[in-house]
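J.: Quick one, data.cif (mmCIF, N, CA and C atoms):
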data_final
#
loop_
_atom_site.label_atom_id
_atom_site.label_comp_id
_atom_site.auth_asym_id
_atom_site.auth_seq_id
_atom_site.Cartn_x
_atom_site.Cartn_y
_atom_site.Cartn_z
N MET D 1196 -18.35 6.39 -1.70
CA MET D 1196 -18.12 5.15 -1.01
C MET D 1196 -18.77 5.21 0.38
N SER D 1197 -19.31 4.12 0.78
CA SER D 1197 -19.94 4.08 2.09
C SER D 1197 -19.12 3.27 3.08
N HIS D 1198 -17.90 2.89 2.72
CA HIS D 1198 -17.05 2.08 3.59
C HIS D 1198 -16.06 2.98 4.32
N SER D 1199 -15.91 2.74 5.62
CA SER D 1199 -14.96 3.55 6.38
C SER D 1199 -13.55 2.99 6.23
N CYS D 1200 -12.58 3.84 6.45
CA CYS D 1200 -11.17 3.47 6.33
C CYS D 1200 -10.86 2.35 7.32
N PRO D 1201 -10.24 1.25 6.88
CA PRO D 1201 -9.96 0.13 7.79
C PRO D 1201 -8.84 0.44 8.79
N TYR D 1202 -8.09 1.50 8.58
CA TYR D 1202 -6.99 1.84 9.47
C TYR D 1202 -7.44 2.76 10.60
N CYS D 1203 -8.09 3.89 10.24
CA CYS D 1203 -8.44 4.89 11.26
C CYS D 1203 -9.91 4.84 11.66
N HIS D 1204 -10.77 4.28 10.83
CA HIS D 1204 -12.22 4.18 11.07
C HIS D 1204 -12.87 5.56 11.25
N GLU D 1205 -12.23 6.62 10.79
CA GLU D 1205 -12.77 7.97 10.92
C GLU D 1205 -13.28 8.53 9.59
N ARG D 1206 -12.56 8.24 8.51
CA ARG D 1206 -12.91 8.78 7.19
C ARG D 1206 -13.32 7.64 6.26
N GLN D 1207 -13.82 8.00 5.10
CA GLN D 1207 -14.24 7.03 4.10
C GLN D 1207 -13.04 6.55 3.29
N ILE D 1208 -13.17 5.39 2.66
CA ILE D 1208 -12.13 4.89 1.76
C ILE D 1208 -12.10 5.81 0.54
N GLU D 1209 -10.92 6.36 0.27
CA GLU D 1209 -10.78 7.30 -0.84
C GLU D 1209 -9.88 6.80 -1.96
N THR D 1210 -8.91 5.97 -1.62
CA THR D 1210 -7.91 5.61 -2.62
C THR D 1210 -7.36 4.22 -2.37
N VAL D 1211 -6.69 3.71 -3.38
CA VAL D 1211 -6.00 2.43 -3.30
C VAL D 1211 -4.64 2.62 -3.96
N ALA D 1212 -3.61 2.03 -3.37
CA ALA D 1212 -2.26 2.16 -3.91
C ALA D 1212 -1.51 0.84 -3.74
N THR D 1213 -0.66 0.53 -4.70
CA THR D 1213 0.18 -0.65 -4.61
C THR D 1213 1.64 -0.22 -4.56
N VAL D 1214 2.42 -0.95 -3.78
CA VAL D 1214 3.84 -0.64 -3.62
C VAL D 1214 4.63 -1.95 -3.70
N PRO D 1215 5.65 -2.01 -4.57
CA PRO D 1215 6.48 -3.21 -4.63
C PRO D 1215 7.48 -3.25 -3.48
N TYR D 1216 7.90 -4.45 -3.12
CA TYR D 1216 8.91 -4.58 -2.07
C TYR D 1216 9.83 -5.75 -2.39
N VAL D 1217 10.99 -5.76 -1.76
CA VAL D 1217 11.94 -6.86 -1.88
C VAL D 1217 12.49 -7.14 -0.49
N ARG D 1218 12.64 -8.43 -0.18
CA ARG D 1218 13.21 -8.85 1.09
C ARG D 1218 14.34 -9.82 0.79
N GLY D 1219 15.53 -9.52 1.27
CA GLY D 1219 16.68 -10.38 1.06
C GLY D 1219 16.83 -11.37 2.19
N MET D 1220 17.16 -12.61 1.83
CA MET D 1220 17.36 -13.67 2.83
C MET D 1220 18.69 -14.37 2.53
N VAL D 1221 19.78 -13.69 2.66
CA VAL D 1221 21.16 -14.11 2.44
C VAL D 1221 21.36 -14.69 1.05
N VAL D 1222 20.85 -15.86 0.74
CA VAL D 1222 21.05 -16.46 -0.57
C VAL D 1222 19.87 -16.15 -1.49
N ALA D 1223 18.69 -16.16 -0.98
CA ALA D 1223 17.48 -15.96 -1.77
C ALA D 1223 16.89 -14.58 -1.47
N TYR D 1224 15.87 -14.25 -2.22
CA TYR D 1224 15.14 -13.00 -2.00
C TYR D 1224 13.68 -13.21 -2.36
N THR D 1225 12.84 -12.32 -1.88
CA THR D 1225 11.41 -12.36 -2.15
C THR D 1225 10.98 -11.03 -2.75
N LEU D 1226 10.30 -11.09 -3.87
CA LEU D 1226 9.71 -9.90 -4.49
C LEU D 1226 8.21 -9.96 -4.27
N GLY D 1227 7.59 -8.82 -4.06
CA GLY D 1227 6.15 -8.80 -3.87
C GLY D 1227 5.57 -7.42 -4.06
N VAL D 1228 4.26 -7.35 -3.98
CA VAL D 1228 3.53 -6.09 -4.10
C VAL D 1228 2.51 -6.06 -2.99
N LYS D 1229 2.43 -4.94 -2.29
CA LYS D 1229 1.40 -4.77 -1.25
C LYS D 1229 0.40 -3.73 -1.73
N LYS D 1230 -0.86 -4.01 -1.45
CA LYS D 1230 -1.94 -3.09 -1.83
C LYS D 1230 -2.52 -2.49 -0.57
N PHE D 1231 -2.65 -1.17 -0.55
CA PHE D 1231 -3.22 -0.46 0.58
C PHE D 1231 -4.48 0.27 0.11
N MET D 1232 -5.55 0.16 0.91
CA MET D 1232 -6.81 0.80 0.58
C MET D 1232 -7.34 1.50 1.82
N GLY D 1233 -7.70 2.77 1.69
CA GLY D 1233 -8.22 3.53 2.82
C GLY D 1233 -8.29 5.01 2.48
N CYS D 1234 -8.29 5.84 3.51
CA CYS D 1234 -8.26 7.28 3.28
C CYS D 1234 -6.84 7.65 2.84
N ARG D 1235 -6.68 8.81 2.23
CA ARG D 1235 -5.37 9.20 1.70
C ARG D 1235 -4.30 9.25 2.79
N ARG D 1236 -4.64 9.78 3.93
CA ARG D 1236 -3.68 9.91 5.03
C ARG D 1236 -3.17 8.55 5.48
N CYS D 1237 -4.06 7.61 5.68
CA CYS D 1237 -3.67 6.28 6.14
C CYS D 1237 -2.92 5.50 5.07
N VAL D 1238 -3.31 5.64 3.81
CA VAL D 1238 -2.61 4.96 2.72
C VAL D 1238 -1.19 5.51 2.61
N ARG D 1239 -1.05 6.83 2.68
CA ARG D 1239 0.28 7.44 2.64
C ARG D 1239 1.13 6.94 3.80
N ARG D 1240 0.56 6.89 4.98
CA ARG D 1240 1.28 6.40 6.16
C ARG D 1240 1.69 4.93 5.98
N SER D 1241 0.82 4.11 5.43
CA SER D 1241 1.14 2.70 5.20
C SER D 1241 2.24 2.52 4.16
N ILE D 1242 2.21 3.35 3.12
CA ILE D 1242 3.27 3.29 2.11
C ILE D 1242 4.61 3.62 2.73
N TYR D 1243 4.66 4.68 3.52
CA TYR D 1243 5.92 5.07 4.14
C TYR D 1243 6.37 4.05 5.19
N ARG D 1244 5.43 3.40 5.85
CA ARG D 1244 5.80 2.33 6.78
C ARG D 1244 6.45 1.17 6.02
N GLU D 1245 5.90 0.83 4.88
CA GLU D 1245 6.48 -0.23 4.05
C GLU D 1245 7.86 0.17 3.53
N VAL D 1246 8.03 1.43 3.16
CA VAL D 1246 9.35 1.92 2.73
C VAL D 1246 10.35 1.80 3.88
N GLY D 1247 9.91 2.09 5.09
CA GLY D 1247 10.78 1.95 6.26
C GLY D 1247 11.20 0.52 6.51
N VAL D 1248 10.25 -0.41 6.38
CA VAL D 1248 10.57 -1.82 6.56
C VAL D 1248 11.56 -2.28 5.48
N SER D 1249 11.33 -1.86 4.25
CA SER D 1249 12.25 -2.21 3.17
C SER D 1249 13.63 -1.62 3.40
N SER D 1250 13.67 -0.43 3.98
CA SER D 1250 14.96 0.20 4.27
C SER D 1250 15.73 -0.57 5.32
N LEU D 1251 15.03 -1.24 6.21
CA LEU D 1251 15.70 -2.00 7.28
C LEU D 1251 16.05 -3.43 6.89
N VAL D 1252 15.14 -4.14 6.25
CA VAL D 1252 15.34 -5.57 6.02
C VAL D 1252 15.41 -5.97 4.55
N GLY D 1253 15.57 -5.04 3.66
CA GLY D 1253 15.57 -5.38 2.24
C GLY D 1253 16.93 -5.54 1.62
N TRP D 1254 17.99 -5.67 2.41
CA TRP D 1254 19.35 -5.61 1.88
C TRP D 1254 20.12 -6.92 1.96
N PHE D 1255 19.56 -7.98 2.46
CA PHE D 1255 20.34 -9.14 2.84
C PHE D 1255 20.54 -10.18 1.75
N SER D 1256 20.63 -9.78 0.52
CA SER D 1256 21.11 -10.63 -0.58
C SER D 1256 21.60 -9.69 -1.68
N ILE D 1257 22.39 -10.20 -2.57
CA ILE D 1257 22.98 -9.34 -3.62
C ILE D 1257 21.90 -8.77 -4.53
N THR D 1258 20.99 -9.61 -4.98
CA THR D 1258 19.91 -9.14 -5.86
C THR D 1258 19.01 -8.15 -5.14
N ALA D 1259 18.68 -8.42 -3.90
CA ALA D 1259 17.83 -7.51 -3.13
C ALA D 1259 18.55 -6.18 -2.91
N ALA D 1260 19.84 -6.21 -2.69
CA ALA D 1260 20.60 -4.97 -2.48
C ALA D 1260 20.61 -4.12 -3.75
N VAL D 1261 20.55 -4.75 -4.91
CA VAL D 1261 20.51 -4.00 -6.17
C VAL D 1261 19.10 -3.45 -6.41
N LEU D 1262 18.08 -4.25 -6.14
CA LEU D 1262 16.70 -3.85 -6.41
C LEU D 1262 16.12 -2.90 -5.36
N ASN D 1263 16.57 -3.02 -4.12
CA ASN D 1263 15.95 -2.27 -3.02
C ASN D 1263 15.99 -0.75 -3.20
N PRO D 1264 17.07 -0.14 -3.66
CA PRO D 1264 17.03 1.32 -3.86
C PRO D 1264 15.95 1.76 -4.84
N VAL D 1265 15.72 0.95 -5.87
CA VAL D 1265 14.67 1.27 -6.85
C VAL D 1265 13.30 1.17 -6.19
N MET D 1266 13.08 0.12 -5.43
CA MET D 1266 11.80 -0.09 -4.74
C MET D 1266 11.54 1.01 -3.71
N ILE D 1267 12.57 1.37 -2.96
CA ILE D 1267 12.42 2.42 -1.94
C ILE D 1267 12.12 3.75 -2.61
N SER D 1268 12.84 4.07 -3.68
CA SER D 1268 12.59 5.33 -4.40
C SER D 1268 11.18 5.39 -4.95
N TYR D 1269 10.73 4.27 -5.54
CA TYR D 1269 9.37 4.23 -6.06
C TYR D 1269 8.35 4.45 -4.94
N GLY D 1270 8.57 3.80 -3.80
CA GLY D 1270 7.64 3.95 -2.67
C GLY D 1270 7.58 5.37 -2.16
N VAL D 1271 8.72 6.04 -2.07
CA VAL D 1271 8.74 7.44 -1.60
C VAL D 1271 7.98 8.33 -2.56
N VAL D 1272 8.23 8.18 -3.86
CA VAL D 1272 7.52 9.00 -4.85
C VAL D 1272 6.04 8.66 -4.87
N ARG D 1273 5.70 7.38 -4.77
CA ARG D 1273 4.28 6.97 -4.77
C ARG D 1273 3.55 7.55 -3.56
N GLY D 1274 4.23 7.60 -2.43
CA GLY D 1274 3.63 8.18 -1.23
C GLY D 1274 3.35 9.67 -1.38
N LEU D 1275 4.19 10.36 -2.14
CA LEU D 1275 3.98 11.79 -2.36
C LEU D 1275 2.74 12.07 -3.20
N PHE D 1276 2.44 11.15 -4.11
CA PHE D 1276 1.36 11.39 -5.07
C PHE D 1276 0.12 10.52 -4.83
N VAL D 1277 -0.26 10.35 -3.58
CA VAL D 1277 -1.50 9.63 -3.25
C VAL D 1277 -2.66 10.59 -3.48
N ARG D 1278 -3.53 10.23 -4.40
CA ARG D 1278 -4.68 11.05 -4.77
C ARG D 1278 -5.96 10.22 -4.64
N PRO D 1279 -7.11 10.87 -4.54
CA PRO D 1279 -8.38 10.12 -4.52
C PRO D 1279 -8.54 9.33 -5.81
N ASP D 1280 -9.02 8.10 -5.68
CA ASP D 1280 -9.20 7.22 -6.83
C ASP D 1280 -10.44 6.37 -6.61
N ALA D 1281 -11.60 6.96 -6.87
CA ALA D 1281 -12.87 6.26 -6.64
C ALA D 1281 -13.00 5.04 -7.54
N ALA D 1282 -12.59 5.15 -8.80
CA ALA D 1282 -12.69 4.01 -9.72
C ALA D 1282 -11.79 2.87 -9.26
N GLY D 1283 -10.59 3.18 -8.81
CA GLY D 1283 -9.68 2.15 -8.32
C GLY D 1283 -10.21 1.47 -7.08
N VAL D 1284 -10.85 2.24 -6.21
CA VAL D 1284 -11.43 1.66 -4.99
C VAL D 1284 -12.58 0.72 -5.35
N ARG D 1285 -13.45 1.15 -6.26
CA ARG D 1285 -14.55 0.28 -6.69
C ARG D 1285 -14.02 -1.03 -7.29
N ARG D 1286 -13.00 -0.90 -8.13
CA ARG D 1286 -12.41 -2.07 -8.77
C ARG D 1286 -11.79 -3.01 -7.73
N ALA D 1287 -11.06 -2.45 -6.75
CA ALA D 1287 -10.43 -3.27 -5.71
C ALA D 1287 -11.46 -3.95 -4.83
N LEU D 1288 -12.53 -3.22 -4.47
CA LEU D 1288 -13.59 -3.82 -3.66
C LEU D 1288 -14.31 -4.92 -4.43
N GLU D 1289 -14.52 -4.70 -5.71
CA GLU D 1289 -15.17 -5.71 -6.54
C GLU D 1289 -14.30 -6.96 -6.65
N GLN D 1290 -12.99 -6.80 -6.82
CA GLN D 1290 -12.09 -7.94 -6.90
C GLN D 1290 -12.05 -8.72 -5.59
N ALA D 1291 -12.22 -8.01 -4.48
CA ALA D 1291 -12.23 -8.66 -3.17
C ALA D 1291 -13.59 -9.27 -2.84
N GLY D 1292 -14.60 -9.02 -3.67
CA GLY D 1292 -15.93 -9.57 -3.44
C GLY D 1292 -16.73 -8.80 -2.41
N ILE D 1293 -16.38 -7.53 -2.19
CA ILE D 1293 -17.08 -6.69 -1.22
C ILE D 1293 -18.08 -5.83 -1.97
N PRO D 1294 -19.34 -5.85 -1.56
CA PRO D 1294 -20.34 -5.04 -2.26
C PRO D 1294 -20.05 -3.55 -2.12
N ASP D 1295 -20.37 -2.79 -3.19
CA ASP D 1295 -20.11 -1.35 -3.20
C ASP D 1295 -20.91 -0.62 -2.13
N GLU D 1296 -22.14 -0.96 -1.94
CA GLU D 1296 -23.00 -0.33 -0.94
C GLU D 1296 -23.55 -1.42 -0.02
N GLY D 1297 -23.97 -1.02 1.15
CA GLY D 1297 -24.61 -1.98 2.01
C GLY D 1297 -23.81 -2.27 3.26
N MET D 1298 -23.67 -3.56 3.57
CA MET D 1298 -23.06 -3.97 4.83
C MET D 1298 -21.60 -3.56 4.92
N GLN D 1299 -21.16 -3.29 6.15
CA GLN D 1299 -19.77 -2.91 6.39
C GLN D 1299 -18.91 -4.17 6.49
N VAL D 1300 -17.85 -4.18 5.70
CA VAL D 1300 -16.91 -5.30 5.68
C VAL D 1300 -15.51 -4.73 5.78
N ASP D 1301 -14.63 -5.37 6.53
CA ASP D 1301 -13.26 -4.91 6.65
C ASP D 1301 -12.49 -5.37 5.42
N PRO D 1302 -12.04 -4.44 4.54
CA PRO D 1302 -11.35 -4.83 3.30
C PRO D 1302 -9.96 -5.41 3.54
N LEU D 1303 -9.43 -5.34 4.74
CA LEU D 1303 -8.11 -5.92 5.00
C LEU D 1303 -8.24 -7.41 5.17
#
Output the file's structure as structure tokens, nothing else.

T.:
Amino acid sequence: MSHSCPYCHERQIETVATVPYVRGMVVAYTLGVKKFMGCRRCVRRSIYREVGVSSLVGWFSITAAVLNPVMISYGVVRGLFVRPDAAGVRRALEQAGIPDEGMQVDPL
């Protein structure tokens, strides 16, 4: 890959990871998935940051309180197993419409 990490701008993009999250809003809740792309260190840091946010604000509805422990556990385990994934990075860049080689574009 010829694209630098959008977080640290020091290393090349090595991996892509997705992490589910839930946010409770008293009566309602929001489910979602966040995708992180960058070097392994920055992706791991972003996953754990998302786990921290979920740990703080993911509890404010009954459904979110039930789902949040599962989402947090998944995020912690996913953060432990961040590995290089060149094929996943190519696929994610292609879906975003960013050329594999050539001009520098911020994938965020």

J.: Can you turn the PyMOL selection byres ((chain D and resi 1214) around 7) into a concrete residue list for this file, as a PyMOL selection string?

T.: chain D and resi 1212-1213+1215-1216+1227-1231+1242+1269-1270

J.: Decode the PyMOL selection byres ((chain D and resi 1278) around 8) for the given file into explicit residues and return them as a PyMOL selection string.

T.: chain D and resi 1209-1211+1234-1235+1273-1277+1279-1281

J.: Out of region 1205-1294 of chain D, which residues get strand (DSSP E or B) from DSSP, as a list in words?

T.: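 Output for region 1205-1294 of chain D, strand (DSSP E or B) only: Gln1207, Thr1210, Val1211, Ala1212, Thr1213, Val1214, Pro1215, Tyr1216, Val1217, Arg1218, Gly1219, Met1220, Ala1223, Tyr1224, Thr1225, Leu1226, Gly1227, Val1228, Lys1229, Lys1230, Phe1231, Met1232 and Gly1233 of chain D.
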
J.: For the structure I just gave you, how does DSSP split chain D - specifically, which residues are alpha helix (DSSP H)? Reply as a PyMOL selection string.

T.: chain D and resi 1235-1252+1257-1275+1281-1291

J.: Name every residue that the PyMOL selection byres (((chain D and resi 1218-1220 and name CA) around 6) and name CA) selects in this structure, writing the answer as a count of residues only with chains first and numbers rising.

T.: 11
